[in-house]
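As stored in coords_4.cif (mmCIF, C-alpha atoms and all ligand atoms):
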```cif
data_start
loop_
_atom_site.label_atom_id
_atom_site.label_comp_id
_atom_site.auth_asym_id
_atom_site.auth_seq_id
_atom_site.Cartn_x
_atom_site.Cartn_y
_atom_site.Cartn_z
CA MET A 1 148.88 189.69 164.06
CA GLU A 2 145.85 187.45 163.97
CA ASP A 3 146.35 183.79 163.38
CA GLY A 4 144.39 180.59 163.28
CA VAL A 5 143.04 180.97 159.78
CA GLY A 6 142.51 177.48 158.35
CA GLY A 7 140.76 176.51 155.12
CA VAL A 8 138.05 178.41 153.26
CA ASP A 9 135.38 176.89 155.49
CA ASP A 10 136.88 178.59 158.58
CA LEU A 11 136.71 182.11 157.15
CA PRO A 12 134.41 184.71 158.62
CA ASP A 13 131.78 185.94 156.17
CA GLU A 14 133.63 189.20 155.34
CA LEU A 15 136.73 187.28 154.24
CA LEU A 16 134.73 184.75 152.33
CA ALA A 17 133.47 187.73 150.36
CA PHE A 18 137.07 188.56 149.38
CA VAL A 19 137.69 185.05 148.20
CA THR A 20 134.52 184.74 146.21
CA CYS A 21 133.96 188.36 145.07
CA LYS A 22 137.60 189.39 144.79
CA THR A 23 137.02 192.56 146.89
CA ALA A 24 140.27 194.29 147.92
CA PRO A 25 141.31 193.56 151.57
CA ARG A 26 141.16 196.51 153.92
CA SER A 27 143.96 195.54 156.33
CA PHE A 28 147.11 193.49 156.56
CA ALA A 29 145.28 190.85 158.62
CA GLU A 30 142.57 190.58 155.98
CA ALA A 31 145.19 190.33 153.22
CA LEU A 32 147.01 187.55 155.10
CA ALA A 33 143.80 185.69 155.77
CA LEU A 34 142.85 186.01 152.13
CA GLU A 35 146.22 184.70 151.00
CA ARG A 36 145.94 181.68 153.29
CA ALA A 37 142.39 181.02 152.22
CA ARG A 38 143.45 181.05 148.57
CA ALA A 39 146.37 178.72 149.29
CA ALA A 40 144.02 176.31 151.10
CA ALA A 41 141.57 176.42 148.21
CA ASP A 42 144.35 175.77 145.66
CA LYS A 43 145.84 172.84 147.57
CA PRO A 44 145.73 169.73 145.40
CA ASP A 45 143.28 167.09 146.62
CA GLU A 46 144.58 164.69 149.24
CA PRO A 47 144.86 161.18 147.75
CA ARG A 48 141.50 159.54 148.36
CA PRO A 49 140.95 155.82 148.94
CA PRO A 50 139.57 154.14 145.80
CA PRO A 51 135.77 153.79 145.76
CA PRO A 52 134.51 150.40 146.96
CA PRO A 53 133.89 147.88 144.15
CA PRO A 54 130.27 147.65 142.96
CA SER A 55 128.07 144.97 144.46
CA TYR A 56 128.37 141.67 142.56
CA ARG A 57 124.93 140.45 143.59
CA ILE A 58 122.05 142.32 141.97
CA ALA A 59 118.48 141.69 143.10
CA LEU A 60 116.14 142.53 140.23
CA SER A 61 112.54 143.44 140.83
CA GLY A 62 111.28 141.21 138.00
CA THR A 63 112.25 139.40 134.86
CA SER A 64 112.54 142.65 132.79
CA PRO A 65 115.22 144.60 134.64
CA SER A 66 115.28 148.40 134.68
CA CYS A 67 118.06 150.37 132.97
CA ALA A 68 119.47 151.21 136.42
CA ALA A 69 119.71 147.52 137.32
CA VAL A 70 121.33 146.70 133.99
CA ASP A 71 123.84 149.55 134.58
CA ALA A 72 124.70 148.21 138.04
CA ALA A 73 125.11 144.68 136.67
CA ALA A 74 127.33 145.92 133.82
CA ARG A 75 129.53 147.84 136.29
CA SER A 76 130.07 144.71 138.36
CA LEU A 77 130.80 142.58 135.30
CA ALA A 78 133.39 145.11 134.11
CA GLN A 79 135.01 145.81 137.51
CA ASN A 80 134.57 142.60 139.53
CA GLY A 81 134.73 140.35 136.48
CA PHE A 82 131.35 138.81 137.30
CA VAL A 83 127.80 139.51 138.45
CA ILE A 84 125.04 137.37 139.94
CA LEU A 85 121.51 138.27 138.84
CA GLU A 86 118.59 137.16 140.96
CA SER A 87 114.91 137.94 140.88
CA ASP A 88 111.60 136.70 142.16
CA PRO A 89 110.20 135.07 140.08
CA PRO A 90 113.54 133.81 138.73
CA LEU A 91 114.92 135.26 135.48
CA ILE A 92 114.72 131.89 133.77
CA GLU A 93 111.46 130.00 134.26
CA PRO A 94 111.78 127.15 136.78
CA GLU A 95 109.81 124.84 134.50
CA LEU A 96 112.36 125.35 131.68
CA CYS A 97 115.22 124.84 134.15
CA ALA A 98 113.66 121.58 135.32
CA ARG A 99 113.34 120.29 131.72
CA CYS A 100 116.96 121.20 130.95
CA ALA A 101 118.18 119.65 134.23
CA GLU A 102 116.41 116.41 133.44
CA ASP A 103 117.83 116.31 129.91
CA ALA A 104 121.34 117.22 131.16
CA VAL A 105 121.49 114.29 133.56
CA ALA A 106 119.94 111.78 131.14
CA GLU A 107 122.16 112.87 128.23
CA CYS A 108 125.26 112.91 130.42
CA GLU A 109 124.56 109.35 131.58
CA ARG A 110 123.88 108.21 128.01
CA LEU A 111 127.16 109.70 126.76
CA LEU A 112 129.11 108.29 129.72
CA ALA A 113 127.84 104.82 128.89
CA GLU A 114 128.96 105.32 125.24
CA VAL A 115 132.41 106.56 126.28
CA GLY A 116 132.84 103.64 128.68
CA ARG A 117 131.74 101.10 126.08
CA ARG A 118 133.65 102.54 123.12
CA ARG A 119 136.85 103.61 124.85
CA GLY A 120 136.98 100.90 127.47
CA ILE A 121 137.53 103.16 130.45
CA ASN A 122 135.90 103.67 133.82
CA VAL A 123 134.41 107.11 133.15
CA TYR A 124 134.11 107.89 136.87
CA GLU A 125 137.80 107.21 137.51
CA LYS A 126 139.58 108.30 134.35
CA ARG A 127 139.73 111.67 132.68
CA PHE A 128 138.74 111.76 128.98
CA TYR A 129 138.07 114.30 126.26
CA SER A 130 135.64 114.19 123.36
CA ARG A 131 133.72 116.55 121.10
CA GLU A 132 130.53 115.95 123.11
CA ILE A 133 131.66 115.57 126.70
CA CYS A 134 134.84 115.97 128.79
CA HIS A 135 135.93 114.73 132.22
CA ARG A 136 139.06 116.78 132.78
CA VAL A 137 140.32 115.43 136.11
CA ASP A 138 140.64 111.80 137.25
CA ARG A 139 137.80 111.08 139.72
CA GLY A 140 136.65 114.71 139.33
CA LEU A 141 133.04 113.58 138.72
CA ARG A 142 132.37 116.89 136.93
CA TYR A 143 131.32 116.49 133.30
CA ASP A 144 131.30 119.30 130.77
CA MET A 145 128.88 118.47 127.95
CA ARG A 146 127.96 120.42 124.80
CA VAL A 147 124.24 120.97 124.31
CA ASP A 148 124.39 122.80 120.96
CA LEU A 149 125.27 119.87 118.71
CA PRO A 150 122.83 118.39 116.19
CA GLY A 151 120.21 116.25 117.91
CA ALA A 152 120.19 118.24 121.17
CA SER A 153 116.81 118.60 122.86
CA PRO A 154 114.96 121.82 121.85
CA CYS A 155 114.88 122.86 125.52
CA TRP A 156 118.49 124.08 125.13
CA ALA A 157 117.69 126.51 122.31
CA GLU A 158 114.84 127.80 124.47
CA LEU A 159 117.24 128.27 127.38
CA ARG A 160 119.76 130.06 125.16
CA ARG A 161 117.10 132.52 123.98
CA ALA A 162 116.00 133.16 127.57
CA SER A 163 119.63 133.70 128.66
CA GLU A 164 120.26 136.07 125.74
CA ARG A 165 117.38 138.31 126.77
CA ILE A 166 119.17 139.34 129.96
CA ALA A 167 122.83 138.62 129.17
CA LEU A 168 123.01 140.69 126.00
CA ARG A 169 121.69 143.82 127.72
CA VAL A 170 124.29 143.58 130.49
CA ILE A 171 127.17 142.60 128.19
CA GLU A 172 126.45 145.37 125.70
CA ARG A 173 126.21 147.92 128.51
CA SER A 174 129.51 146.71 130.01
CA GLY A 175 131.39 147.46 126.77
CA LEU A 176 133.39 144.26 127.27
CA LEU A 177 132.56 142.70 123.91
CA ALA A 178 133.01 145.42 121.35
CA GLY A 179 132.04 145.13 117.69
CA GLY A 180 128.97 142.89 117.86
CA VAL A 181 128.27 139.96 120.15
CA HIS A 182 127.71 136.37 119.00
CA VAL A 183 126.86 133.13 120.80
CA ASP A 184 130.01 131.05 120.61
CA MET A 185 128.86 127.82 122.22
CA GLN A 186 126.48 126.31 124.73
CA GLY A 187 127.01 123.55 127.25
CA CYS A 188 126.21 122.22 130.69
CA VAL A 189 128.53 121.28 133.57
CA THR A 190 127.09 118.53 135.75
CA SER A 191 128.81 117.59 138.97
CA PHE A 192 127.80 114.31 140.57
CA PRO A 193 127.66 113.54 144.31
CA SER A 194 131.22 113.28 145.72
CA ALA A 195 132.66 115.56 142.99
CA CYS A 196 135.71 117.30 144.45
CA ASP A 197 136.66 120.98 144.49
CA GLN A 198 138.15 122.14 141.21
CA HIS A 199 141.32 124.21 141.10
CA PHE A 200 140.75 127.91 140.50
CA HIS A 201 141.22 128.69 136.83
CA PRO A 202 140.21 131.19 134.16
CA ASP A 203 138.25 129.79 131.18
CA GLY A 204 140.66 131.48 128.78
CA PRO A 205 143.46 134.03 128.72
CA SER A 206 142.19 136.89 126.62
CA ARG A 207 139.54 139.57 126.58
CA GLY A 208 136.44 139.13 124.44
CA LEU A 209 134.48 136.21 125.94
CA VAL A 210 131.79 136.25 128.62
CA ASN A 211 130.20 133.15 130.12
CA CYS A 212 126.56 133.12 131.19
CA PHE A 213 125.77 130.38 133.72
CA VAL A 214 122.18 129.45 134.56
CA ALA A 215 121.64 127.41 137.72
CA LEU A 216 119.27 124.61 136.68
CA VAL A 217 118.79 123.58 140.33
CA ASP A 218 119.40 125.56 143.54
CA VAL A 219 123.18 125.69 144.05
CA ASP A 220 124.74 126.22 147.47
CA ASP A 221 127.53 125.14 149.83
CA THR A 222 126.26 121.56 149.96
CA ASN A 223 126.01 120.68 146.25
CA GLY A 224 128.83 123.01 145.21
CA SER A 225 128.05 126.41 143.74
CA THR A 226 130.69 128.06 141.55
CA GLU A 227 133.19 130.26 143.43
CA LEU A 228 134.79 133.34 141.85
CA LYS A 229 137.66 135.68 142.74
CA PRO A 230 136.62 139.31 142.19
CA GLY A 231 138.90 141.44 140.04
CA THR A 232 141.09 138.57 138.83
CA HIS A 233 140.14 139.18 135.19
CA ALA A 234 142.21 142.38 135.21
CA ASN A 235 145.69 142.17 133.70
CA ASP A 236 147.07 144.16 136.61
CA CYS A 237 145.52 141.99 139.37
CA PRO A 238 148.56 141.85 141.69
CA ASP A 239 148.20 138.51 143.47
CA VAL A 240 145.43 136.18 142.32
CA GLU A 241 146.36 133.59 144.98
CA ARG A 242 145.52 135.98 147.79
CA VAL A 243 142.15 137.17 146.47
CA PRO A 244 139.41 135.42 148.49
CA GLY A 245 136.75 133.55 146.53
CA VAL A 246 133.07 134.40 146.65
CA PRO A 247 130.51 131.57 146.38
CA ALA A 248 127.81 132.20 143.78
CA ASN A 249 125.06 130.47 145.74
CA MET A 250 121.81 131.01 143.87
CA ARG A 251 118.36 129.66 143.24
CA ALA A 252 117.44 127.72 140.11
CA GLY A 253 116.80 130.17 137.29
CA SER A 254 119.33 132.75 138.50
CA VAL A 255 122.10 133.90 136.22
CA LEU A 256 125.85 134.35 136.73
CA LEU A 257 127.78 136.32 134.10
CA PHE A 258 131.56 136.30 134.18
CA ASP A 259 134.47 137.42 132.07
CA PHE A 260 136.36 134.35 130.77
CA ARG A 261 139.52 135.63 132.47
CA THR A 262 138.01 135.66 135.97
CA HIS A 263 139.47 132.93 138.17
CA HIS A 264 136.76 130.56 139.39
CA ARG A 265 136.12 126.95 140.28
CA GLY A 266 133.28 124.52 140.83
CA ARG A 267 133.12 123.47 144.47
CA ALA A 268 132.79 119.99 145.91
CA HIS A 269 129.40 118.25 145.77
CA ARG A 270 128.87 117.03 149.32
CA ARG A 271 125.31 115.79 149.00
CA SER A 272 124.30 112.34 147.96
CA ASP A 273 120.84 112.94 146.56
CA ALA A 274 121.12 114.46 143.07
CA PRO A 275 123.51 115.74 140.39
CA ARG A 276 124.07 119.51 140.10
CA PRO A 277 123.73 120.71 136.50
CA VAL A 278 124.68 124.32 135.61
CA ALA A 279 124.01 125.39 132.01
CA TYR A 280 126.18 127.90 130.21
CA THR A 281 126.22 130.01 127.05
CA VAL A 282 129.47 131.61 125.90
CA PHE A 283 129.17 135.04 124.28
CA GLY A 284 132.05 136.33 122.16
CA ALA A 285 133.10 139.65 120.66
CA ALA A 286 133.34 139.78 116.86
CA GLY A 287 135.97 137.30 115.71
CA VAL A 288 136.69 135.91 119.21
CA HIS A 289 136.05 132.22 119.90
CA ASP A 290 136.71 129.79 122.72
CA THR A 291 139.38 127.49 121.36
CA HIS A 292 140.43 126.15 124.77
CA ASN A 293 137.64 124.08 126.18
CA PHE A 294 136.44 121.74 123.42
CA GLY A 295 139.22 122.28 120.88
CA GLY A 296 139.69 119.57 118.28
CA TYR A 297 138.61 116.43 120.15
CA ASP A 298 137.26 113.33 118.39
CA SER A 299 133.60 112.48 118.68
CA VAL A 300 132.62 109.77 121.15
CA PHE A 301 130.85 108.14 118.20
CA ASP A 302 134.01 108.00 116.06
CA SER A 303 135.57 105.43 118.37
CA ALA A 304 134.91 101.81 117.51
CA ASP A 305 133.63 99.55 120.28
CA PHE A 306 136.37 98.69 122.73
CA LYS A 307 137.36 95.02 122.55
CA THR A 308 139.16 93.32 125.39
O1 LIG B 401 131.09 123.46 138.04
C1 LIG B 401 131.22 124.67 138.13
O2 LIG B 401 130.57 125.35 138.91
C2 LIG B 401 132.24 125.40 137.30
C3 LIG B 401 132.82 124.50 136.25
C4 LIG B 401 134.03 125.06 135.61
O3 LIG B 401 134.50 126.12 135.88
C5 LIG B 401 134.70 124.25 134.58
O4 LIG B 401 134.32 123.10 134.37
O5 LIG B 401 135.67 124.78 133.99
#
```
Rewrite the coordinates I just gave you, this time as C-alpha cells.
Ligand SMILES: O=C(O)CCC(=O)C(=O)O
Amino acid sequence: MEDGVGGVDDLPDELLAFVTCKTAPRSFAEALALERARAAADKPDEPRPPPPPPSYRIALSGTSPSCAAVDAAARSLAQNGFVILESDPPLIEPELCARCAEDAVAECERLLAEVGRRRGINVYEKRFYSREICHRVDRGLRYDMRVDLPGASPCWAELRRASERIALRVIERSGLLAGGVHVDMQGCVTSFPSACDQHFHPDGPSRGLVNCFVALVDVDDTNGSTELKPGTHANDCPDVERVPGVPANMRAGSVLLFDFRTHHRGRAHRRSDAPRPVAYTVFGAAGVHDTHNFGGYDSVFDSADFKT
C-alpha cells in the first residue's frame, strides 16, 4: 500500500483531478489517497495568531487626506483607542498654532493671577477648580483651561473649525460616535517647566466621546508629550497596568485623536524655556457629554477678593 499522502498540495496531478473534478478513483491506492486528501481539505483551520494592531501613527501626504488614509486612521482609533496624524505641511497651520499658543499662555497667566488674588492661594502649589481653569494636582503645574467661553479669542473658533475638518472624517469612519457628532467642549492644557508626570487615567468611563488634541508647539520627551496605552479603551482590556505607554511626540500642527476611555497621561516638562500648550476639542455622540472634567465648578470671577 502506498503511503505518504499529506494535504491537497502534496497530491499528484491525477489525484488532484479526483478531488476537484470528482472523477471515480481507479484503484484502492487512489481511493485512499482521495479520502486522505478530502480529510485534509476538510480539516478546520488551525487557530491563527490575531492580526497585528493597525499602526497608530499615520503620515498623511497633505492636509486633505485620501480615503485610504482616513480608513487607516479610523481603524487605529477604533482598535488602538487613538491615532496620531502627521503631515508636511502640518494639518493645522503653524501660524494659527502660534497665535493659539500665545493666547493660551497669556490667558492662563491672567486667570492664575485672578485665582491667586481672589482665592488667596499659591496657584503653583495648590490644586484648585473653577469653571474657567483647573489645577488638579498640588504642584502639578499643568493647567486645564476652557477656551470656548464668552470672550475667548477668535483664534480658538478658527482652530476648532480646522480640527473638525480632519477629526470628523476619521471619527465618522470609525463608527465610534453613532447618531450624529457634536462638539462638546474646547480647551487647552498648558504644562509649565518642571510640571511632573501625570498618573495614567481615562478622561471618562463610557463610550461616546473622542478627544482631538492639537500640538500648538512641538511636543517631545523634553517638554512632555502625551503618552497613551494602546487598547486600554476596550472593556475587555485584561491588565491596563501592564500595557506599555506610547509617547505621542509630534510637531506643532499635528493631531492626536483618542477615545475618552483610553488611558493616557501628560509627561513631565523637563525644559526650562517655555510652556507646552496642547489644545483640545471634545467630540460627542448624540446625547453624550463630558460631565467629568469641568462639572459644576464656580467661576473664578464669582469669588470676592481674598482678604487677609
Ligand atoms: O498634558 C497632557 O498631555 C495630557 C493632559 C491630560 O490628560 C489631562 O489633563 O487630563
What are the nearest atom pairs, with distances in Å to one decimal, for all residues of chain A that come at most 7 Å from ligand LIG 401 (chain B), using all atoms listed in the file, set out by chain and rising residue number as a tab-separated table?
```
residue	atom	partner	partner_atom	distance
A:Arg142	CA	B:LIG401	O1	6.8
A:Asp144	CA	B:LIG401	O4	6.0
A:Val189	CA	B:LIG401	O1	5.6
A:Thr190	CA	B:LIG401	O1	6.7
A:Ser191	CA	B:LIG401	O1	6.4
A:Asp203	CA	B:LIG401	O5	6.3
A:Gly224	CA	B:LIG401	O2	6.9
A:Ser225	CA	B:LIG401	O2	5.6
A:Thr226	CA	B:LIG401	O2	3.8
A:His264	CA	B:LIG401	O3	6.1
A:Arg265	CA	B:LIG401	O3	4.8
A:Gly266	CA	B:LIG401	C1	3.4
A:Arg267	CA	B:LIG401	O2	6.4
A:Val278	CA	B:LIG401	O2	6.8
```
Rounded to one decimal, what separation in Å do you get between CA of Arg75 in chain A and CA of Val210 in chain A?
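The value is 14.1 Å.
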Who sits within 12 Å of range 230-242 of chain A, all atoms listed in the file, same chain under 4 positions skipped, as JSON, numbers by chain:
{"A": [53, 54, 55, 56, 57, 75, 76, 77, 78, 79, 80, 81, 82, 83, 84, 176, 199, 200, 201, 202, 203, 204, 205, 206, 207, 208, 209, 210, 246, 247, 248, 258, 259, 260, 261, 262, 263, 264]}
Can you pull out the residues contacting His182 in chain A? Cut-off 7 Å, using all atoms listed in the file, and skip same-chain residues under 6 positions away; I want them as JSON, numbers by chain.
{"A": [283, 284, 285, 286]}
Counting all atoms listed in the file, find the residues whose atoms lie at most 12 Å from (138.7, 120.4, 121.7) (file coordinates) and write them out as a PyMOL selection string.
chain A and resi 128-134+136+144-146+290-299
Write out as a list in words each polymer residue whose atoms come within 8 Å of Arg118 in chain A, counting all atoms listed in the file; drop sequence neighbours fewer than 4 positions from it.
Glu114, Val300, Phe301, Ser303, Ala304, Asp305 and Phe306 of chain A
Neighbours of Arg165 in chain A within 10 Å (only C-alpha atoms; same-chain residues fewer than 2 positions away dropped), as a PyMOL selection string?
chain A and resi 63-64+91-92+160-163+167-170
Counting only C-alpha atoms, which residue out of A:Ala69, A:Leu228, A:Ala152, A:Leu141 sits closest to Arg127 in chain A?
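Residue with the minimum atom-to-atom distance to Arg127 in chain A: A:Leu141.
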CA of Phe213 in chain A to CA of Val282 in chain A, straight-line distance in Å:
8.7 Å
Selection: 12 Å around Ala68 in chain A, all atoms listed in the file, excl. self and same-chain fewer than 5 positions, as a VMD selection string:
chain A and resid 58 to 61 73 to 75 169 to 170 173
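When CA of Trp156 in chain A is paired with CA of His135 in chain A, their separation reads 21.0 Å.
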